[in-house]
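Engineer: The structure is given below, and queries will be raised subsequently.
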Amino acid sequence: TMMHEVGHNLGLGHSGDAAGEVFSGTSNSYDDISGSMGGSFSSEFSKCFNGAKSWELGWYDDRTKTVDITSSTSSNTRLIGVVDYGSTDDTTSKIVLKITGGTGNDDYYAAFNRKSSFNSDSNEGGDKVLITKREKGSSTGTQSWLEKEMDAGSTFDIENFDGTNKLTITVDAIDLTANPPYADVSVLIGTQAPSISAVPSTSLAPSPNLAPSSQPSLTPSLSLMPS
């Protein structure tokens with residue numbers, strides 16, 4: 001409860017679950033319980049803020065990445081959890097990935113919800129990649145929405161993201177045994193043409209058999225009639 005109210009004091013709005021994955025398929029402004037700005041089952045908990053809120057706070061600006069589909073049609077990003085932000089074993093992976101450039105009203109955010117340490121009480125999407133959205137250019141205090149919880153190998157599609165093409169977010173891998181644990185995420189707008197394999201060489205037609213070299217045998221000589 002305290003962290004929720006601190007979040008409001010920092011200018012954060014509530015975190016809802018647009019997909020209605022938690023409470024009987026209904027969408028509610030408090031239902032993203034992965035982080036502190038949703039509801040909670042306890043007055044005391046250890047959990048952080050979701051990707052949209054983390055981006056809004058600006059605490060990890062040195063470890064964020066923006067993919068603008070108006071200038072980039074594909075991207076690959078390794079994400080680590082907020083709890084590993086200070087890790088000296090990985091100083092290049094990102095905390096939040098922002099996807100922008102669509103014709104709709106929202107920007108999308110991908111974050112790896114590592115359920116550990118001061119995020120050990122996350123009630124939703126632990127050790128998964130969570131996709132959240134928030135209205136473009138909105139001021140502080142704006143509602144965010146959880147769109148998808150993603151395991152390794154899962155995809156999330158947004159149809160007509162740029163007015164024509166589908167945006168696909170894919171979790172290519174999640175490794176919880178690595179130090180620090182990470183998730184690899186790829187983003188693709190449109191349909192990437194498959195690479196064209198080389199056309200197999202055409203085998204030569206077999207040479208026709210030559211006509212037999214020997215000439216036909218001579219007509220047999222007639223035997224003489226007996227005298």
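FYI, nothing fancy with the structure tokens labels: chains A, B, ... in order, residues from 1 per chain, ligands from 1 as they appear.
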Could you please write out, as a list in words, every residue of region 37-70 of chain A that DSSP assigns to alpha helix (DSSP H)?
Structural biologist: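 Matching residues, listed in order: Gly51, Ala52, Lys53, Ser54, Trp55, Glu56 and Leu57 of chain A.
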Engineer: For the residues selected in the previous step, produce a file with N, CA and C atoms as a compact mmCIF listing (two decimals), in the first residue's frame.
Structural biologist:
# COMPACT_ATOMS: atom_id res chain seq x y z
N GLY A 51 6.62 -1.93 -16.95
CA GLY A 51 7.48 -1.30 -17.94
C GLY A 51 7.08 0.11 -18.29
N ALA A 52 5.79 0.34 -18.48
CA ALA A 52 5.31 1.68 -18.82
C ALA A 52 5.62 2.67 -17.71
N LYS A 53 5.40 2.24 -16.45
CA LYS A 53 5.67 3.12 -15.32
C LYS A 53 7.18 3.36 -15.15
N SER A 54 7.98 2.31 -15.35
CA SER A 54 9.43 2.46 -15.22
C SER A 54 9.96 3.44 -16.25
N TRP A 55 9.41 3.39 -17.46
CA TRP A 55 9.82 4.33 -18.49
C TRP A 55 9.42 5.76 -18.09
N GLU A 56 8.22 5.89 -17.57
CA GLU A 56 7.71 7.21 -17.18
C GLU A 56 8.56 7.82 -16.07
N LEU A 57 9.02 7.00 -15.14
CA LEU A 57 9.82 7.51 -14.03
C LEU A 57 11.20 7.98 -14.48
Engineer: Could you pull the residues within 12 Å of Gly7 (chain A), counting only C-alpha atoms, minus those fewer than 2 positions along the same chain, as a list in words?
Structural biologist: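 Neighbouring residues, sequence-local ones excluded: Thr1, Met2, Met3, His4, Glu5, Asn9, Leu10, Gly11, Leu12, Gly13, His14, Ser15, Gly35, Ser36, Met37, Gly38, Lys47, Cys48, Phe49, Asn50, Lys53, Ser54, Glu56, Leu57, Thr140, Gly141 and Thr142 of chain A.
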Engineer: Store the residues picked out above in a file with N, CA, C and O atoms, as a compact mmCIF listing (two decimals), in the first residue's frame.
Structural biologist:
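part-v4.txt, freshly written:
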# COMPACT_ATOMS: atom_id res chain seq x y z
N THR A 1 0.83 -1.20 0.00
CA THR A 1 0.00 0.00 0.00
C THR A 1 0.86 1.25 0.00
O THR A 1 0.58 2.22 -0.72
N MET A 2 1.93 1.24 0.80
CA MET A 2 2.79 2.42 0.88
C MET A 2 3.43 2.72 -0.47
O MET A 2 3.44 3.88 -0.92
N MET A 3 3.96 1.69 -1.15
CA MET A 3 4.60 1.92 -2.44
C MET A 3 3.59 2.39 -3.48
O MET A 3 3.92 3.19 -4.36
N HIS A 4 2.35 1.92 -3.38
CA HIS A 4 1.30 2.37 -4.28
C HIS A 4 1.08 3.87 -4.12
O HIS A 4 1.01 4.62 -5.11
N GLU A 5 0.99 4.31 -2.88
CA GLU A 5 0.75 5.73 -2.62
C GLU A 5 1.99 6.57 -2.95
O GLU A 5 1.87 7.71 -3.41
N ASN A 9 2.43 9.79 -5.48
CA ASN A 9 3.18 11.01 -5.15
C ASN A 9 4.26 11.30 -6.19
O ASN A 9 4.64 12.47 -6.37
N LEU A 10 4.72 10.25 -6.86
CA LEU A 10 5.71 10.44 -7.93
C LEU A 10 5.05 10.79 -9.26
O LEU A 10 5.73 10.98 -10.26
N GLY A 11 3.72 10.83 -9.26
CA GLY A 11 2.99 11.22 -10.46
C GLY A 11 2.47 10.07 -11.28
O GLY A 11 2.02 10.27 -12.42
N LEU A 12 2.49 8.85 -10.75
CA LEU A 12 2.05 7.68 -11.51
C LEU A 12 0.55 7.45 -11.36
O LEU A 12 -0.02 7.65 -10.28
N GLY A 13 -0.06 7.00 -12.46
CA GLY A 13 -1.45 6.57 -12.41
C GLY A 13 -1.54 5.09 -12.13
O GLY A 13 -0.54 4.42 -11.88
N HIS A 14 -2.74 4.56 -12.21
CA HIS A 14 -2.96 3.15 -11.93
C HIS A 14 -2.51 2.26 -13.09
O HIS A 14 -2.33 2.73 -14.22
N SER A 15 -2.38 0.97 -12.79
CA SER A 15 -1.99 -0.03 -13.78
C SER A 15 -3.12 -1.04 -13.91
O SER A 15 -3.42 -1.76 -12.96
N GLY A 35 2.86 -5.15 -10.67
CA GLY A 35 3.63 -4.08 -10.04
C GLY A 35 2.83 -3.32 -9.00
O GLY A 35 1.68 -3.65 -8.69
N SER A 36 3.44 -2.28 -8.48
CA SER A 36 2.87 -1.58 -7.32
C SER A 36 1.67 -0.70 -7.62
O SER A 36 0.93 -0.34 -6.71
N MET A 37 1.44 -0.34 -8.89
CA MET A 37 0.34 0.58 -9.18
C MET A 37 -0.96 -0.12 -9.54
O MET A 37 -1.93 0.53 -9.93
N GLY A 38 -0.99 -1.45 -9.41
CA GLY A 38 -2.24 -2.18 -9.49
C GLY A 38 -2.74 -2.48 -8.10
O GLY A 38 -2.30 -1.90 -7.11
N LYS A 47 7.50 -5.33 -4.57
CA LYS A 47 7.40 -5.40 -6.02
C LYS A 47 7.58 -4.01 -6.61
O LYS A 47 7.38 -2.99 -5.93
N CYS A 48 7.97 -4.00 -7.88
CA CYS A 48 8.37 -2.76 -8.54
C CYS A 48 7.22 -2.19 -9.36
O CYS A 48 6.07 -2.46 -9.10
N PHE A 49 7.57 -1.43 -10.38
CA PHE A 49 6.60 -0.84 -11.29
C PHE A 49 6.72 -1.52 -12.65
O PHE A 49 7.80 -2.02 -13.01
N ASN A 50 5.64 -1.54 -13.42
CA ASN A 50 5.68 -2.21 -14.72
C ASN A 50 6.52 -1.41 -15.72
O ASN A 50 7.05 -0.33 -15.41
N LYS A 53 5.40 2.24 -16.45
CA LYS A 53 5.67 3.12 -15.32
C LYS A 53 7.18 3.36 -15.15
O LYS A 53 7.62 4.47 -14.84
N SER A 54 7.98 2.31 -15.35
CA SER A 54 9.43 2.46 -15.22
C SER A 54 9.96 3.44 -16.25
O SER A 54 10.85 4.25 -15.95
N GLU A 56 8.22 5.89 -17.57
CA GLU A 56 7.71 7.21 -17.18
C GLU A 56 8.56 7.82 -16.07
O GLU A 56 8.82 9.03 -16.08
N LEU A 57 9.02 7.00 -15.14
CA LEU A 57 9.82 7.51 -14.03
C LEU A 57 11.20 7.98 -14.48
O LEU A 57 11.79 8.88 -13.87
N THR A 140 2.00 12.93 -16.71
CA THR A 140 2.10 12.02 -15.57
C THR A 140 0.71 11.73 -15.01
O THR A 140 -0.21 12.53 -15.14
N GLY A 141 0.60 10.59 -14.39
CA GLY A 141 -0.68 10.20 -13.80
C GLY A 141 -1.59 9.45 -14.75
O GLY A 141 -2.72 9.14 -14.40
N THR A 142 -1.09 9.14 -15.95
CA THR A 142 -1.92 8.46 -16.94
C THR A 142 -1.99 6.96 -16.65
O THR A 142 -1.00 6.34 -16.28
Engineer: Which residues, written as a list of chain:residue names, have at least one atom at most 7 Å from Ile174 (chain A), with only C-alpha atoms counted and residues fewer than 6 positions away on the same chain left out?
Structural biologist: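 Final neighbour list, sorted by chain and number: A:Ala152, A:Tyr182, A:Ala183, A:Asp184.
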Engineer: May I have the selected residues written with N, CA and C atoms, as a PDB file, in the first residue's frame?
Structural biologist:
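File selection-v7.pdb, as written:
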ATOM      1  N   ALA A 152       8.720 -17.841 -23.108  1.00  0.00           N
ATOM      2  CA  ALA A 152       9.623 -18.065 -24.232  1.00  0.00           C
ATOM      3  C   ALA A 152       8.868 -18.751 -25.365  1.00  0.00           C
ATOM      4  N   TYR A 182      17.870 -13.390 -18.200  1.00  0.00           N
ATOM      5  CA  TYR A 182      17.497 -12.445 -19.258  1.00  0.00           C
ATOM      6  C   TYR A 182      16.382 -13.015 -20.133  1.00  0.00           C
ATOM      7  N   ALA A 183      15.834 -12.129 -20.955  1.00  0.00           N
ATOM      8  CA  ALA A 183      14.853 -12.511 -21.976  1.00  0.00           C
ATOM      9  C   ALA A 183      15.255 -11.825 -23.278  1.00  0.00           C
ATOM     10  N   ASP A 184      15.256 -12.569 -24.370  1.00  0.00           N
ATOM     11  CA  ASP A 184      15.539 -12.024 -25.693  1.00  0.00           C
ATOM     12  C   ASP A 184      14.223 -11.761 -26.415  1.00  0.00           C
TER      13      ASP A 184
END
Engineer: May I have the residues within 9 Å of Ala110 (chain A) as a compact mmCIF listing (two decimals) with N, CA and C atoms, in the first residue's frame, using only C-alpha atoms and disregarding those fewer than 3 positions away in the same chain?
Structural biologist:
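Writing the result to out00.txt gives the following:
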# COMPACT_ATOMS: atom_id res chain seq x y z
N GLY A 51 6.62 -1.93 -16.95
CA GLY A 51 7.48 -1.30 -17.94
C GLY A 51 7.08 0.11 -18.29
N ALA A 52 5.79 0.34 -18.48
CA ALA A 52 5.31 1.68 -18.82
C ALA A 52 5.62 2.67 -17.71
N LEU A 79 16.65 -8.20 -22.60
CA LEU A 79 16.12 -7.52 -21.43
C LEU A 79 16.54 -8.24 -20.15
N ILE A 95 16.52 -2.52 -19.67
CA ILE A 95 15.49 -2.73 -18.65
C ILE A 95 14.10 -2.61 -19.28
N VAL A 96 13.92 -1.63 -20.16
CA VAL A 96 12.62 -1.41 -20.80
C VAL A 96 12.83 -1.15 -22.29
N LEU A 97 11.99 -1.76 -23.10
CA LEU A 97 11.97 -1.54 -24.54
C LEU A 97 10.66 -0.83 -24.89
N LYS A 98 10.78 0.34 -25.53
CA LYS A 98 9.60 1.10 -25.95
C LYS A 98 9.41 0.94 -27.46
N ILE A 99 8.17 0.66 -27.86
CA ILE A 99 7.85 0.49 -29.28
C ILE A 99 6.86 1.57 -29.67
N VAL A 129 8.00 -11.96 -19.86
CA VAL A 129 8.04 -10.64 -20.49
C VAL A 129 6.63 -10.08 -20.49
N LEU A 130 6.47 -8.88 -19.98
CA LEU A 130 5.16 -8.25 -19.91
C LEU A 130 5.09 -7.09 -20.90
N ILE A 131 4.01 -7.06 -21.67
CA ILE A 131 3.77 -5.98 -22.62
C ILE A 131 2.72 -5.06 -22.03
N THR A 132 3.09 -3.80 -21.84
CA THR A 132 2.15 -2.80 -21.35
C THR A 132 2.02 -1.68 -22.38
N LYS A 133 0.96 -0.91 -22.24
CA LYS A 133 0.79 0.24 -23.14
C LYS A 133 0.37 1.46 -22.34
N ILE A 169 5.58 -8.98 -31.73
CA ILE A 169 6.59 -9.04 -30.68
C ILE A 169 6.76 -10.51 -30.31
N VAL A 185 14.06 -10.53 -26.90
CA VAL A 185 12.80 -10.10 -27.51
C VAL A 185 13.08 -9.54 -28.90
Engineer: How many Å lie between CA of Arg63 (chain A) and CA of Tyr30 (chain A), rounded to one decimal?
Structural biologist: 27.4 Å
Engineer: Quick one: pick out all strand (DSSP E or B) residues within region 1-169 of chain A from a backbone DSSP run and write them as a ChimeraX atom specification.
Structural biologist: /A:15-17,64-68,74-79,94,96-100,106-113,128-135,144-150,155-158,167-169
Engineer: Taking into account only C-alpha atoms, which residue in the set A:Ile80, A:Leu146, A:Ile69, A:Ile189 is nearest to Lys115 (chain A)?
Structural biologist: A:Ile80
Engineer: Using only C-alpha atoms, pick whichever of A:Trp59, A:Asn76, A:Asp107, A:Trp145 has the shortest atom-to-atom distance to Ala173 (chain A).
Structural biologist: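 The shortest atom-to-atom distance to Ala173 (chain A) comes from A:Asn76.
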Engineer: Name all residues at most 12 Å from Asn160 (chain A) (count only C-alpha atoms; drop same-chain ones fewer than 3 positions away) and give them as a VMD selection string.
Structural biologist: chain A and resid 101 to 104 157 163 to 168 189 to 190
Engineer: Rounded to one decimal in Å, what is the spacing between CA of Val171 (chain A) and CA of Thr77 (chain A)?
Structural biologist: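 Value for the CA of Val171 (chain A)-CA of Thr77 (chain A) distance: 9.8 Å.
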Engineer: For Arg114 (chain A), work out the shell of residues within 8 Å, counting only C-alpha atoms and skipping chain neighbours fewer than 2 positions away, then give it as an MDAnalysis selection string.
Structural biologist: chainID A and resid 80:83 112 116 119 126:128 181
Engineer: For Ser186 (chain A), which residue out of A:Asp172, A:Asp151, A:Asp61, A:Glu159 is the nearest one, using only C-alpha atoms?
Structural biologist: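 Of all the options, A:Asp172 lies closest to Ser186 (chain A).
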Engineer: I'd like to know which of A:Ala18, A:Gly39, A:Glu124, A:Asn179 is closest to Ser93 (chain A), using only C-alpha atoms.
Structural biologist: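 Of all the options, A:Asn179 lies closest to Ser93 (chain A).
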